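The file entry.cif comes next; it holds mmCIF, N, CA and C atoms.
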data_upload
loop_
_atom_site.group_PDB
_atom_site.id
_atom_site.type_symbol
_atom_site.label_atom_id
_atom_site.label_comp_id
_atom_site.auth_asym_id
_atom_site.auth_seq_id
_atom_site.Cartn_x
_atom_site.Cartn_y
_atom_site.Cartn_z
ATOM 1 N N MET A 13 14.213 13.958 -7.725
ATOM 2 C CA MET A 13 13.256 13.339 -6.826
ATOM 3 C C MET A 13 11.974 13.011 -7.602
ATOM 4 N N ALA A 14 11.363 11.916 -7.235
ATOM 5 C CA ALA A 14 10.160 11.458 -7.935
ATOM 6 C C ALA A 14 8.972 12.365 -7.631
ATOM 7 N N GLU A 15 8.129 12.522 -8.620
ATOM 8 C CA GLU A 15 6.910 13.299 -8.457
ATOM 9 C C GLU A 15 5.888 12.483 -7.675
ATOM 10 N N LYS A 16 5.060 13.152 -6.908
ATOM 11 C CA LYS A 16 3.989 12.476 -6.182
ATOM 12 C C LYS A 16 2.727 12.520 -7.014
ATOM 13 N N ILE A 17 1.994 11.428 -7.017
ATOM 14 C CA ILE A 17 0.711 11.357 -7.699
ATOM 15 C C ILE A 17 -0.345 11.112 -6.632
ATOM 16 N N TYR A 18 -1.340 11.970 -6.590
ATOM 17 C CA TYR A 18 -2.393 11.852 -5.598
ATOM 18 C C TYR A 18 -3.636 11.202 -6.213
ATOM 19 N N LYS A 19 -4.556 10.823 -5.352
ATOM 20 C CA LYS A 19 -5.757 10.110 -5.775
ATOM 21 C C LYS A 19 -6.504 10.851 -6.885
ATOM 22 N N GLU A 20 -6.655 12.150 -6.759
ATOM 23 C CA GLU A 20 -7.366 12.929 -7.772
ATOM 24 C C GLU A 20 -6.693 12.805 -9.133
ATOM 25 N N GLN A 21 -5.370 12.787 -9.129
ATOM 26 C CA GLN A 21 -4.638 12.634 -10.391
ATOM 27 C C GLN A 21 -4.815 11.233 -10.975
ATOM 28 N N VAL A 22 -4.864 10.230 -10.109
ATOM 29 C CA VAL A 22 -5.123 8.869 -10.579
ATOM 30 C C VAL A 22 -6.518 8.803 -11.207
ATOM 31 N N ILE A 23 -7.483 9.440 -10.569
ATOM 32 C CA ILE A 23 -8.848 9.470 -11.110
ATOM 33 C C ILE A 23 -8.853 10.105 -12.499
ATOM 34 N N GLU A 24 -8.133 11.202 -12.663
ATOM 35 C CA GLU A 24 -8.045 11.850 -13.970
ATOM 36 C C GLU A 24 -7.416 10.935 -15.016
ATOM 37 N N MET A 25 -6.360 10.213 -14.639
ATOM 38 C CA MET A 25 -5.693 9.302 -15.577
ATOM 39 C C MET A 25 -6.621 8.155 -15.968
ATOM 40 N N VAL A 26 -7.358 7.617 -15.002
ATOM 41 C CA VAL A 26 -8.295 6.525 -15.276
ATOM 42 C C VAL A 26 -9.410 7.015 -16.192
ATOM 43 N N ALA A 27 -9.950 8.188 -15.912
ATOM 44 C CA ALA A 27 -11.033 8.743 -16.734
ATOM 45 C C ALA A 27 -10.575 8.937 -18.177
ATOM 46 N N GLU A 28 -9.381 9.438 -18.336
ATOM 47 C CA GLU A 28 -8.845 9.661 -19.684
ATOM 48 C C GLU A 28 -8.617 8.331 -20.409
ATOM 49 N N ARG A 29 -8.033 7.369 -19.698
ATOM 50 C CA ARG A 29 -7.738 6.071 -20.314
ATOM 51 C C ARG A 29 -9.012 5.315 -20.683
ATOM 52 N N MET A 30 -10.036 5.427 -19.833
ATOM 53 C CA MET A 30 -11.289 4.710 -20.079
ATOM 54 C C MET A 30 -12.258 5.512 -20.947
ATOM 55 N N GLY A 31 -11.984 6.791 -21.149
ATOM 56 C CA GLY A 31 -12.891 7.632 -21.915
ATOM 57 C C GLY A 31 -14.218 7.837 -21.207
ATOM 58 N N CYS A 32 -14.148 8.019 -19.897
ATOM 59 C CA CYS A 32 -15.370 8.218 -19.115
ATOM 60 C C CYS A 32 -15.225 9.474 -18.266
ATOM 61 N N SER A 33 -16.260 9.781 -17.521
ATOM 62 C CA SER A 33 -16.228 10.965 -16.664
ATOM 63 C C SER A 33 -15.363 10.713 -15.432
ATOM 64 N N LYS A 34 -14.934 11.802 -14.808
ATOM 65 C CA LYS A 34 -14.168 11.679 -13.565
ATOM 66 C C LYS A 34 -15.016 11.032 -12.476
ATOM 67 N N THR A 35 -16.319 11.297 -12.493
ATOM 68 C CA THR A 35 -17.219 10.708 -11.500
ATOM 69 C C THR A 35 -17.237 9.188 -11.626
ATOM 70 N N SER A 36 -17.321 8.698 -12.855
ATOM 71 C CA SER A 36 -17.316 7.248 -13.088
ATOM 72 C C SER A 36 -15.966 6.652 -12.699
ATOM 73 N N ALA A 37 -14.892 7.327 -13.058
ATOM 74 C CA ALA A 37 -13.556 6.844 -12.711
ATOM 75 C C ALA A 37 -13.367 6.816 -11.201
ATOM 76 N N ALA A 38 -13.867 7.853 -10.506
ATOM 77 C CA ALA A 38 -13.754 7.911 -9.051
ATOM 78 C C ALA A 38 -14.541 6.763 -8.416
ATOM 79 N N SER A 39 -15.715 6.466 -8.956
ATOM 80 C CA SER A 39 -16.527 5.352 -8.440
ATOM 81 C C SER A 39 -15.813 4.026 -8.647
ATOM 82 N N ALA A 40 -15.219 3.856 -9.823
ATOM 83 C CA ALA A 40 -14.505 2.609 -10.118
ATOM 84 C C ALA A 40 -13.307 2.450 -9.196
ATOM 85 N N LEU A 41 -12.522 3.506 -9.037
ATOM 86 C CA LEU A 41 -11.355 3.435 -8.156
ATOM 87 C C LEU A 41 -11.777 3.166 -6.724
ATOM 88 N N SER A 42 -12.818 3.838 -6.274
ATOM 89 C CA SER A 42 -13.321 3.635 -4.920
ATOM 90 C C SER A 42 -13.767 2.190 -4.707
ATOM 91 N N ALA A 43 -14.443 1.619 -5.686
ATOM 92 C CA ALA A 43 -14.897 0.229 -5.579
ATOM 93 C C ALA A 43 -13.712 -0.723 -5.477
ATOM 94 N N VAL A 44 -12.687 -0.473 -6.255
ATOM 95 C CA VAL A 44 -11.491 -1.321 -6.203
ATOM 96 C C VAL A 44 -10.821 -1.211 -4.838
ATOM 97 N N LEU A 45 -10.639 0.015 -4.352
ATOM 98 C CA LEU A 45 -9.959 0.209 -3.068
ATOM 99 C C LEU A 45 -10.742 -0.382 -1.904
ATOM 100 N N VAL A 46 -12.048 -0.207 -1.896
ATOM 101 C CA VAL A 46 -12.881 -0.777 -0.823
ATOM 102 C C VAL A 46 -12.817 -2.304 -0.878
ATOM 103 N N SER A 47 -12.823 -2.862 -2.075
ATOM 104 C CA SER A 47 -12.719 -4.319 -2.212
ATOM 105 C C SER A 47 -11.387 -4.823 -1.680
ATOM 106 N N LEU A 48 -10.301 -4.098 -1.961
ATOM 107 C CA LEU A 48 -8.985 -4.470 -1.425
ATOM 108 C C LEU A 48 -8.994 -4.406 0.101
ATOM 109 N N GLU A 49 -9.533 -3.321 0.642
ATOM 110 C CA GLU A 49 -9.604 -3.166 2.100
ATOM 111 C C GLU A 49 -10.388 -4.302 2.740
ATOM 112 N N ASP A 50 -11.553 -4.621 2.181
ATOM 113 C CA ASP A 50 -12.393 -5.677 2.743
ATOM 114 C C ASP A 50 -11.675 -7.024 2.726
ATOM 115 N N THR A 51 -11.005 -7.300 1.633
ATOM 116 C CA THR A 51 -10.284 -8.569 1.515
ATOM 117 C C THR A 51 -9.143 -8.642 2.513
ATOM 118 N N LEU A 52 -8.362 -7.573 2.633
ATOM 119 C CA LEU A 52 -7.242 -7.558 3.573
ATOM 120 C C LEU A 52 -7.727 -7.605 5.017
ATOM 121 N N ARG A 53 -8.868 -6.985 5.298
ATOM 122 C CA ARG A 53 -9.428 -7.001 6.644
ATOM 123 C C ARG A 53 -9.758 -8.433 7.076
ATOM 124 N N GLN A 54 -10.038 -9.300 6.109
ATOM 125 C CA GLN A 54 -10.337 -10.707 6.393
ATOM 126 C C GLN A 54 -9.071 -11.563 6.394
ATOM 127 N N ASN A 55 -7.895 -10.906 6.321
ATOM 128 C CA ASN A 55 -6.592 -11.569 6.282
ATOM 129 C C ASN A 55 -6.396 -12.438 5.047
ATOM 130 N N ASP A 56 -7.098 -12.120 3.970
ATOM 131 C CA ASP A 56 -6.908 -12.821 2.704
ATOM 132 C C ASP A 56 -5.895 -12.058 1.863
ATOM 133 N N ARG A 57 -5.304 -12.742 0.913
ATOM 134 C CA ARG A 57 -4.350 -12.125 -0.015
ATOM 135 C C ARG A 57 -5.078 -11.613 -1.244
ATOM 136 N N VAL A 58 -4.575 -10.516 -1.794
ATOM 137 C CA VAL A 58 -5.094 -9.970 -3.043
ATOM 138 C C VAL A 58 -3.980 -10.133 -4.071
ATOM 139 N N ILE A 59 -4.214 -10.977 -5.058
ATOM 140 C CA ILE A 59 -3.213 -11.248 -6.083
ATOM 141 C C ILE A 59 -3.682 -10.622 -7.390
ATOM 142 N N LEU A 60 -2.956 -9.626 -7.840
ATOM 143 C CA LEU A 60 -3.240 -8.965 -9.113
ATOM 144 C C LEU A 60 -2.147 -9.419 -10.082
ATOM 145 N N THR A 61 -2.440 -10.450 -10.850
ATOM 146 C CA THR A 61 -1.460 -11.058 -11.731
ATOM 147 C C THR A 61 -0.806 -10.010 -12.625
ATOM 148 N N GLY A 62 0.513 -10.017 -12.650
ATOM 149 C CA GLY A 62 1.275 -9.065 -13.448
ATOM 150 C C GLY A 62 1.563 -7.763 -12.733
ATOM 151 N N PHE A 63 0.895 -7.525 -11.626
ATOM 152 C CA PHE A 63 1.109 -6.288 -10.872
ATOM 153 C C PHE A 63 1.759 -6.571 -9.530
ATOM 154 N N GLY A 64 1.104 -7.397 -8.703
ATOM 155 C CA GLY A 64 1.679 -7.719 -7.407
ATOM 156 C C GLY A 64 0.657 -8.302 -6.460
ATOM 157 N N THR A 65 1.106 -8.544 -5.235
ATOM 158 C CA THR A 65 0.280 -9.175 -4.217
ATOM 159 C C THR A 65 0.257 -8.313 -2.960
ATOM 160 N N PHE A 66 -0.936 -8.095 -2.444
ATOM 161 C CA PHE A 66 -1.127 -7.435 -1.154
ATOM 162 C C PHE A 66 -1.482 -8.516 -0.149
ATOM 163 N N GLU A 67 -0.881 -8.448 1.041
ATOM 164 C CA GLU A 67 -1.223 -9.413 2.081
ATOM 165 C C GLU A 67 -0.999 -8.795 3.456
ATOM 166 N N VAL A 68 -1.639 -9.397 4.442
ATOM 167 C CA VAL A 68 -1.480 -8.957 5.823
ATOM 168 C C VAL A 68 -0.460 -9.873 6.480
ATOM 169 N N ARG A 69 0.537 -9.269 7.099
ATOM 170 C CA ARG A 69 1.579 -10.044 7.785
ATOM 171 C C ARG A 69 1.590 -9.677 9.266
ATOM 172 N N PRO A 70 1.756 -10.682 10.113
ATOM 173 C CA PRO A 70 1.831 -10.389 11.549
ATOM 174 C C PRO A 70 3.187 -9.786 11.904
ATOM 175 N N THR A 71 3.192 -8.933 12.914
ATOM 176 C CA THR A 71 4.450 -8.434 13.465
ATOM 177 C C THR A 71 4.555 -8.957 14.888
ATOM 178 N N ALA A 72 5.741 -9.337 15.260
ATOM 179 C CA ALA A 72 5.977 -9.905 16.585
ATOM 180 C C ALA A 72 6.035 -8.798 17.641
ATOM 181 N N ALA A 73 5.785 -9.191 18.874
ATOM 182 C CA ALA A 73 5.976 -8.267 19.990
ATOM 183 C C ALA A 73 7.473 -7.950 20.067
ATOM 184 N N ARG A 74 7.794 -6.715 20.432
ATOM 185 C CA ARG A 74 9.203 -6.344 20.497
ATOM 186 C C ARG A 74 9.389 -5.188 21.466
ATOM 187 N N LYS A 75 10.641 -4.936 21.783
ATOM 188 C CA LYS A 75 10.998 -3.800 22.630
ATOM 189 C C LYS A 75 11.732 -2.787 21.762
ATOM 190 N N VAL A 76 11.412 -1.519 21.962
ATOM 191 C CA VAL A 76 12.110 -0.450 21.250
ATOM 192 C C VAL A 76 12.576 0.595 22.250
ATOM 193 N N ARG A 77 13.668 1.247 21.897
ATOM 194 C CA ARG A 77 14.206 2.304 22.749
ATOM 195 C C ARG A 77 13.689 3.644 22.229
ATOM 196 N N LEU A 78 13.052 4.401 23.103
ATOM 197 C CA LEU A 78 12.543 5.718 22.723
ATOM 198 C C LEU A 78 13.714 6.662 22.474
ATOM 199 N N ILE A 79 13.575 7.513 21.473
ATOM 200 C CA ILE A 79 14.671 8.430 21.148
ATOM 201 C C ILE A 79 14.296 9.890 21.368
ATOM 202 N N ASN A 80 13.033 10.171 21.643
ATOM 203 C CA ASN A 80 12.587 11.560 21.827
ATOM 204 C C ASN A 80 11.849 11.713 23.146
ATOM 205 N N GLY A 81 11.753 12.943 23.607
ATOM 206 C CA GLY A 81 10.916 13.260 24.756
ATOM 207 C C GLY A 81 11.546 12.957 26.092
ATOM 208 N N ASP A 82 10.716 13.069 27.128
ATOM 209 C CA ASP A 82 11.185 12.889 28.498
ATOM 210 C C ASP A 82 11.613 11.454 28.774
ATOM 211 N N ARG A 83 11.067 10.532 28.015
ATOM 212 C CA ARG A 83 11.365 9.115 28.262
ATOM 213 C C ARG A 83 12.449 8.577 27.325
ATOM 214 N N ALA A 84 13.203 9.457 26.682
ATOM 215 C CA ALA A 84 14.255 9.048 25.746
ATOM 216 C C ALA A 84 15.215 8.079 26.421
ATOM 217 N N GLY A 85 15.559 7.029 25.706
ATOM 218 C CA GLY A 85 16.464 6.011 26.221
ATOM 219 C C GLY A 85 15.757 4.863 26.911
ATOM 220 N N GLU A 86 14.494 5.034 27.242
ATOM 221 C CA GLU A 86 13.725 4.005 27.939
ATOM 222 C C GLU A 86 13.247 2.939 26.947
ATOM 223 N N LEU A 87 13.280 1.686 27.359
ATOM 224 C CA LEU A 87 12.758 0.594 26.551
ATOM 225 C C LEU A 87 11.264 0.454 26.797
ATOM 226 N N VAL A 88 10.495 0.346 25.725
ATOM 227 C CA VAL A 88 9.057 0.138 25.861
ATOM 228 C C VAL A 88 8.656 -1.082 25.037
ATOM 229 N N ASP A 89 7.583 -1.735 25.487
ATOM 230 C CA ASP A 89 7.065 -2.902 24.782
ATOM 231 C C ASP A 89 6.100 -2.473 23.688
ATOM 232 N N ILE A 90 6.243 -3.080 22.528
ATOM 233 C CA ILE A 90 5.321 -2.873 21.421
ATOM 234 C C ILE A 90 4.551 -4.182 21.252
ATOM 235 N N ALA A 91 3.243 -4.094 21.290
ATOM 236 C CA ALA A 91 2.397 -5.287 21.193
ATOM 237 C C ALA A 91 2.470 -5.889 19.786
ATOM 238 N N PRO A 92 2.194 -7.182 19.676
ATOM 239 C CA PRO A 92 2.127 -7.772 18.339
ATOM 240 C C PRO A 92 0.992 -7.130 17.550
ATOM 241 N N SER A 93 1.148 -7.078 16.261
ATOM 242 C CA SER A 93 0.172 -6.397 15.428
ATOM 243 C C SER A 93 0.159 -7.024 14.042
ATOM 244 N N HIS A 94 -0.398 -6.304 13.100
ATOM 245 C CA HIS A 94 -0.426 -6.727 11.703
ATOM 246 C C HIS A 94 -0.063 -5.546 10.832
ATOM 247 N N ARG A 95 0.517 -5.820 9.674
ATOM 248 C CA ARG A 95 0.834 -4.764 8.720
ATOM 249 C C ARG A 95 0.489 -5.247 7.325
ATOM 250 N N VAL A 96 0.247 -4.311 6.442
ATOM 251 C CA VAL A 96 -0.038 -4.648 5.045
ATOM 252 C C VAL A 96 1.281 -4.644 4.291
ATOM 253 N N ALA A 97 1.501 -5.695 3.531
ATOM 254 C CA ALA A 97 2.711 -5.802 2.720
ATOM 255 C C ALA A 97 2.326 -5.882 1.250
ATOM 256 N N PHE A 98 3.173 -5.334 0.408
ATOM 257 C CA PHE A 98 2.986 -5.420 -1.039
ATOM 258 C C PHE A 98 4.243 -6.019 -1.639
ATOM 259 N N VAL A 99 4.059 -7.057 -2.438
ATOM 260 C CA VAL A 99 5.169 -7.676 -3.151
ATOM 261 C C VAL A 99 4.903 -7.469 -4.644
ATOM 262 N N PRO A 100 5.745 -6.680 -5.303
ATOM 263 C CA PRO A 100 5.497 -6.429 -6.724
ATOM 264 C C PRO A 100 5.701 -7.684 -7.554
ATOM 265 N N GLY A 101 4.895 -7.815 -8.608
ATOM 266 C CA GLY A 101 5.033 -8.933 -9.531
ATOM 267 C C GLY A 101 6.206 -8.703 -10.467
ATOM 268 N N LYS A 102 6.698 -9.772 -11.058
ATOM 269 C CA LYS A 102 7.860 -9.695 -11.935
ATOM 270 C C LYS A 102 7.642 -8.731 -13.111
ATOM 271 N N PRO A 103 6.477 -8.759 -13.797
ATOM 272 C CA PRO A 103 6.288 -7.809 -14.902
ATOM 273 C C PRO A 103 6.372 -6.351 -14.456
ATOM 274 N N LEU A 104 5.826 -6.029 -13.286
ATOM 275 C CA LEU A 104 5.891 -4.663 -12.778
ATOM 276 C C LEU A 104 7.336 -4.278 -12.482
ATOM 277 N N VAL A 105 8.063 -5.162 -11.837
ATOM 278 C CA VAL A 105 9.474 -4.899 -11.513
ATOM 279 C C VAL A 105 10.260 -4.639 -12.792
ATOM 280 N N GLU A 106 10.036 -5.466 -13.796
ATOM 281 C CA GLU A 106 10.775 -5.300 -15.053
ATOM 282 C C GLU A 106 10.421 -3.988 -15.743
ATOM 283 N N LYS A 107 9.149 -3.615 -15.721
ATOM 284 C CA LYS A 107 8.741 -2.342 -16.344
ATOM 285 C C LYS A 107 9.357 -1.149 -15.609
ATOM 286 N N VAL A 108 9.375 -1.184 -14.289
ATOM 287 C CA VAL A 108 9.931 -0.073 -13.519
ATOM 288 C C VAL A 108 11.442 -0.001 -13.729
ATOM 289 N N ARG A 109 12.115 -1.121 -13.710
ATOM 290 C CA ARG A 109 13.560 -1.129 -13.939
ATOM 291 C C ARG A 109 13.893 -0.653 -15.348
ATOM 292 N N GLY A 110 13.097 -1.061 -16.317
ATOM 293 C CA GLY A 110 13.323 -0.647 -17.698
ATOM 294 C C GLY A 110 13.116 0.839 -17.884
ATOM 295 N N ALA A 111 12.170 1.408 -17.149
ATOM 296 C CA ALA A 111 11.866 2.834 -17.268
ATOM 297 C C ALA A 111 12.980 3.690 -16.662
ATOM 298 N N ARG A 112 13.683 3.159 -15.699
ATOM 299 C CA ARG A 112 14.737 3.917 -15.017
ATOM 300 C C ARG A 112 16.101 3.705 -15.644
ATOM 301 N N GLY A 113 16.293 2.548 -16.259
ATOM 302 C CA GLY A 113 17.637 2.198 -16.741
ATOM 303 C C GLY A 113 17.736 2.419 -18.159
#
Please re-express this file's structure in structure tokens.
Amino acid sequence: MAEKIYKEQVIEMVAERMGCSKTSAASALSAVLVSLEDTLRQNDRVILTGFGTFEVRPTAARKVRLINGDRAGELVDIAPSHRVAFVPGKPLVEKVRGARG
């Protein structure tokens, strides 16, 4: 099973790679993440060439059957919404496939 990497560990990796303090790395990572959030909140796409694309996609209204609780088996309406999608870039896909194969 794959190991999980948490934000603190990413900060440590960035600090080591950049040769800076964890505080500086945390600030840089935070700035990047907030910028991504702000862009996606405006329904714009974030294209990181060589890595991938983040975008907001609409989801249609639909009916789902509940499987738990007192209302199990009942159909309920789910309102239309939005979700964040990530499409990996070709270089990232090739690197991940190469690392596993």
| field | Residues returned when the PyMOL selection byres ((chain A and resi 90) around 8) runs on this file, as an MDAnalysis selection string | value | chainID A and resid 71:76 87:89 91:93
Quick one: which residues end up in the PyMOL selection byres ((chain A and resi 61) around 8) for this structure, as an mmCIF file with N, CA and C atoms, in the coordinates of the input?
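The resulting out.cif:
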data_model
loop_
_atom_site.group_PDB
_atom_site.id
_atom_site.type_symbol
_atom_site.label_atom_id
_atom_site.label_comp_id
_atom_site.auth_asym_id
_atom_site.auth_seq_id
_atom_site.Cartn_x
_atom_site.Cartn_y
_atom_site.Cartn_z
ATOM 1 N N VAL A 58 -4.575 -10.516 -1.794
ATOM 2 C CA VAL A 58 -5.094 -9.970 -3.043
ATOM 3 C C VAL A 58 -3.980 -10.133 -4.071
ATOM 4 N N ILE A 59 -4.214 -10.977 -5.058
ATOM 5 C CA ILE A 59 -3.213 -11.248 -6.083
ATOM 6 C C ILE A 59 -3.682 -10.622 -7.390
ATOM 7 N N LEU A 60 -2.956 -9.626 -7.840
ATOM 8 C CA LEU A 60 -3.240 -8.965 -9.113
ATOM 9 C C LEU A 60 -2.147 -9.419 -10.082
ATOM 10 N N GLY A 62 0.513 -10.017 -12.650
ATOM 11 C CA GLY A 62 1.275 -9.065 -13.448
ATOM 12 C C GLY A 62 1.563 -7.763 -12.733
ATOM 13 N N PHE A 63 0.895 -7.525 -11.626
ATOM 14 C CA PHE A 63 1.109 -6.288 -10.872
ATOM 15 C C PHE A 63 1.759 -6.571 -9.530
ATOM 16 N N GLY A 64 1.104 -7.397 -8.703
ATOM 17 C CA GLY A 64 1.679 -7.719 -7.407
ATOM 18 C C GLY A 64 0.657 -8.302 -6.460
ATOM 19 N N THR A 65 1.106 -8.544 -5.235
ATOM 20 C CA THR A 65 0.280 -9.175 -4.217
ATOM 21 C C THR A 65 0.257 -8.313 -2.960
ATOM 22 N N GLY A 101 4.895 -7.815 -8.608
ATOM 23 C CA GLY A 101 5.033 -8.933 -9.531
ATOM 24 C C GLY A 101 6.206 -8.703 -10.467
ATOM 25 N N LYS A 102 6.698 -9.772 -11.058
ATOM 26 C CA LYS A 102 7.860 -9.695 -11.935
ATOM 27 C C LYS A 102 7.642 -8.731 -13.111
ATOM 28 N N PRO A 103 6.477 -8.759 -13.797
ATOM 29 C CA PRO A 103 6.288 -7.809 -14.902
ATOM 30 C C PRO A 103 6.372 -6.351 -14.456
ATOM 31 N N LEU A 104 5.826 -6.029 -13.286
ATOM 32 C CA LEU A 104 5.891 -4.663 -12.778
ATOM 33 C C LEU A 104 7.336 -4.278 -12.482
#
| task | Could you give me, as a PyMOL selection string, each residue of region 72-104 of chain A that DSSP assigns to strand (DSSP E or B) when run on this structure's backbone? | result | chain A and resi 74-77+87-90+93-100
| Contacts of Phe66 (chain A) within 12 Å, only C-alpha atoms, excl. fewer than 2 positions in-chain, as a PyMOL selection string | chain A and resi 45+48-49+51-53+55-61+63-64+68-69+95-101
| remark: What separates atom C of Val44 (chain A) and atom C of Ile23 (chain A) is a distance of 13.8 Å
| request: Measure the distance from CA of Thr35 (chain A) to CA of Glu15 (chain A) in Å and round it to one decimal. | output: 24.5 Å
| request: Per DSSP on the backbone, filter region 40-110 of chain A down to the residues in alpha helix (DSSP H) and report them as a PyMOL selection string. | output: chain A and resi 40-53+102-110
Output N, CA and C atoms for every residue in the selection just made, as a tab-separated table (two decimals), in the coordinates of the input.
chain	number	residue	atom	x	y	z
A	40	ALA	N	-15.22	3.86	-9.82
A	40	ALA	CA	-14.50	2.61	-10.12
A	40	ALA	C	-13.31	2.45	-9.20
A	41	LEU	N	-12.52	3.51	-9.04
A	41	LEU	CA	-11.36	3.44	-8.16
A	41	LEU	C	-11.78	3.17	-6.72
A	42	SER	N	-12.82	3.84	-6.27
A	42	SER	CA	-13.32	3.64	-4.92
A	42	SER	C	-13.77	2.19	-4.71
A	43	ALA	N	-14.44	1.62	-5.69
A	43	ALA	CA	-14.90	0.23	-5.58
A	43	ALA	C	-13.71	-0.72	-5.48
A	44	VAL	N	-12.69	-0.47	-6.26
A	44	VAL	CA	-11.49	-1.32	-6.20
A	44	VAL	C	-10.82	-1.21	-4.84
A	45	LEU	N	-10.64	0.02	-4.35
A	45	LEU	CA	-9.96	0.21	-3.07
A	45	LEU	C	-10.74	-0.38	-1.90
A	46	VAL	N	-12.05	-0.21	-1.90
A	46	VAL	CA	-12.88	-0.78	-0.82
A	46	VAL	C	-12.82	-2.30	-0.88
A	47	SER	N	-12.82	-2.86	-2.08
A	47	SER	CA	-12.72	-4.32	-2.21
A	47	SER	C	-11.39	-4.82	-1.68
A	48	LEU	N	-10.30	-4.10	-1.96
A	48	LEU	CA	-8.98	-4.47	-1.42
A	48	LEU	C	-8.99	-4.41	0.10
A	49	GLU	N	-9.53	-3.32	0.64
A	49	GLU	CA	-9.60	-3.17	2.10
A	49	GLU	C	-10.39	-4.30	2.74
A	50	ASP	N	-11.55	-4.62	2.18
A	50	ASP	CA	-12.39	-5.68	2.74
A	50	ASP	C	-11.68	-7.02	2.73
A	51	THR	N	-11.00	-7.30	1.63
A	51	THR	CA	-10.28	-8.57	1.52
A	51	THR	C	-9.14	-8.64	2.51
A	52	LEU	N	-8.36	-7.57	2.63
A	52	LEU	CA	-7.24	-7.56	3.57
A	52	LEU	C	-7.73	-7.60	5.02
A	53	ARG	N	-8.87	-6.98	5.30
A	53	ARG	CA	-9.43	-7.00	6.64
A	53	ARG	C	-9.76	-8.43	7.08
A	102	LYS	N	6.70	-9.77	-11.06
A	102	LYS	CA	7.86	-9.70	-11.94
A	102	LYS	C	7.64	-8.73	-13.11
A	103	PRO	N	6.48	-8.76	-13.80
A	103	PRO	CA	6.29	-7.81	-14.90
A	103	PRO	C	6.37	-6.35	-14.46
A	104	LEU	N	5.83	-6.03	-13.29
A	104	LEU	CA	5.89	-4.66	-12.78
A	104	LEU	C	7.34	-4.28	-12.48
A	105	VAL	N	8.06	-5.16	-11.84
A	105	VAL	CA	9.47	-4.90	-11.51
A	105	VAL	C	10.26	-4.64	-12.79
A	106	GLU	N	10.04	-5.47	-13.80
A	106	GLU	CA	10.78	-5.30	-15.05
A	106	GLU	C	10.42	-3.99	-15.74
A	107	LYS	N	9.15	-3.62	-15.72
A	107	LYS	CA	8.74	-2.34	-16.34
A	107	LYS	C	9.36	-1.15	-15.61
A	108	VAL	N	9.38	-1.18	-14.29
A	108	VAL	CA	9.93	-0.07	-13.52
A	108	VAL	C	11.44	0.00	-13.73
A	109	ARG	N	12.12	-1.12	-13.71
A	109	ARG	CA	13.56	-1.13	-13.94
A	109	ARG	C	13.89	-0.65	-15.35
A	110	GLY	N	13.10	-1.06	-16.32
A	110	GLY	CA	13.32	-0.65	-17.70
A	110	GLY	C	13.12	0.84	-17.88
| What does the distance from atom N of Glu67 (chain A) to atom N of Asp50 (chain A) come to in Å, to one decimal? |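 These two atoms are separated by 11.4 Å.
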| Test item: the PyMOL selection byres (((chain A and resi 19 and name CA) around 12) and name CA) resolved as a PyMOL selection string | chain A and resi 16-18+20-26+34+37-38+41-42+45
Put a box with edges along x, y and z around all the listed atoms of region 76-84 of chain A, pad it by 5 Å on each side, then give me its centre and sizes in Å, one decimal, as JSON.
{"center_x": 13.0, "center_y": 5.9, "center_z": 25.0, "size_x": 14.5, "size_y": 24.8, "size_z": 17.6}
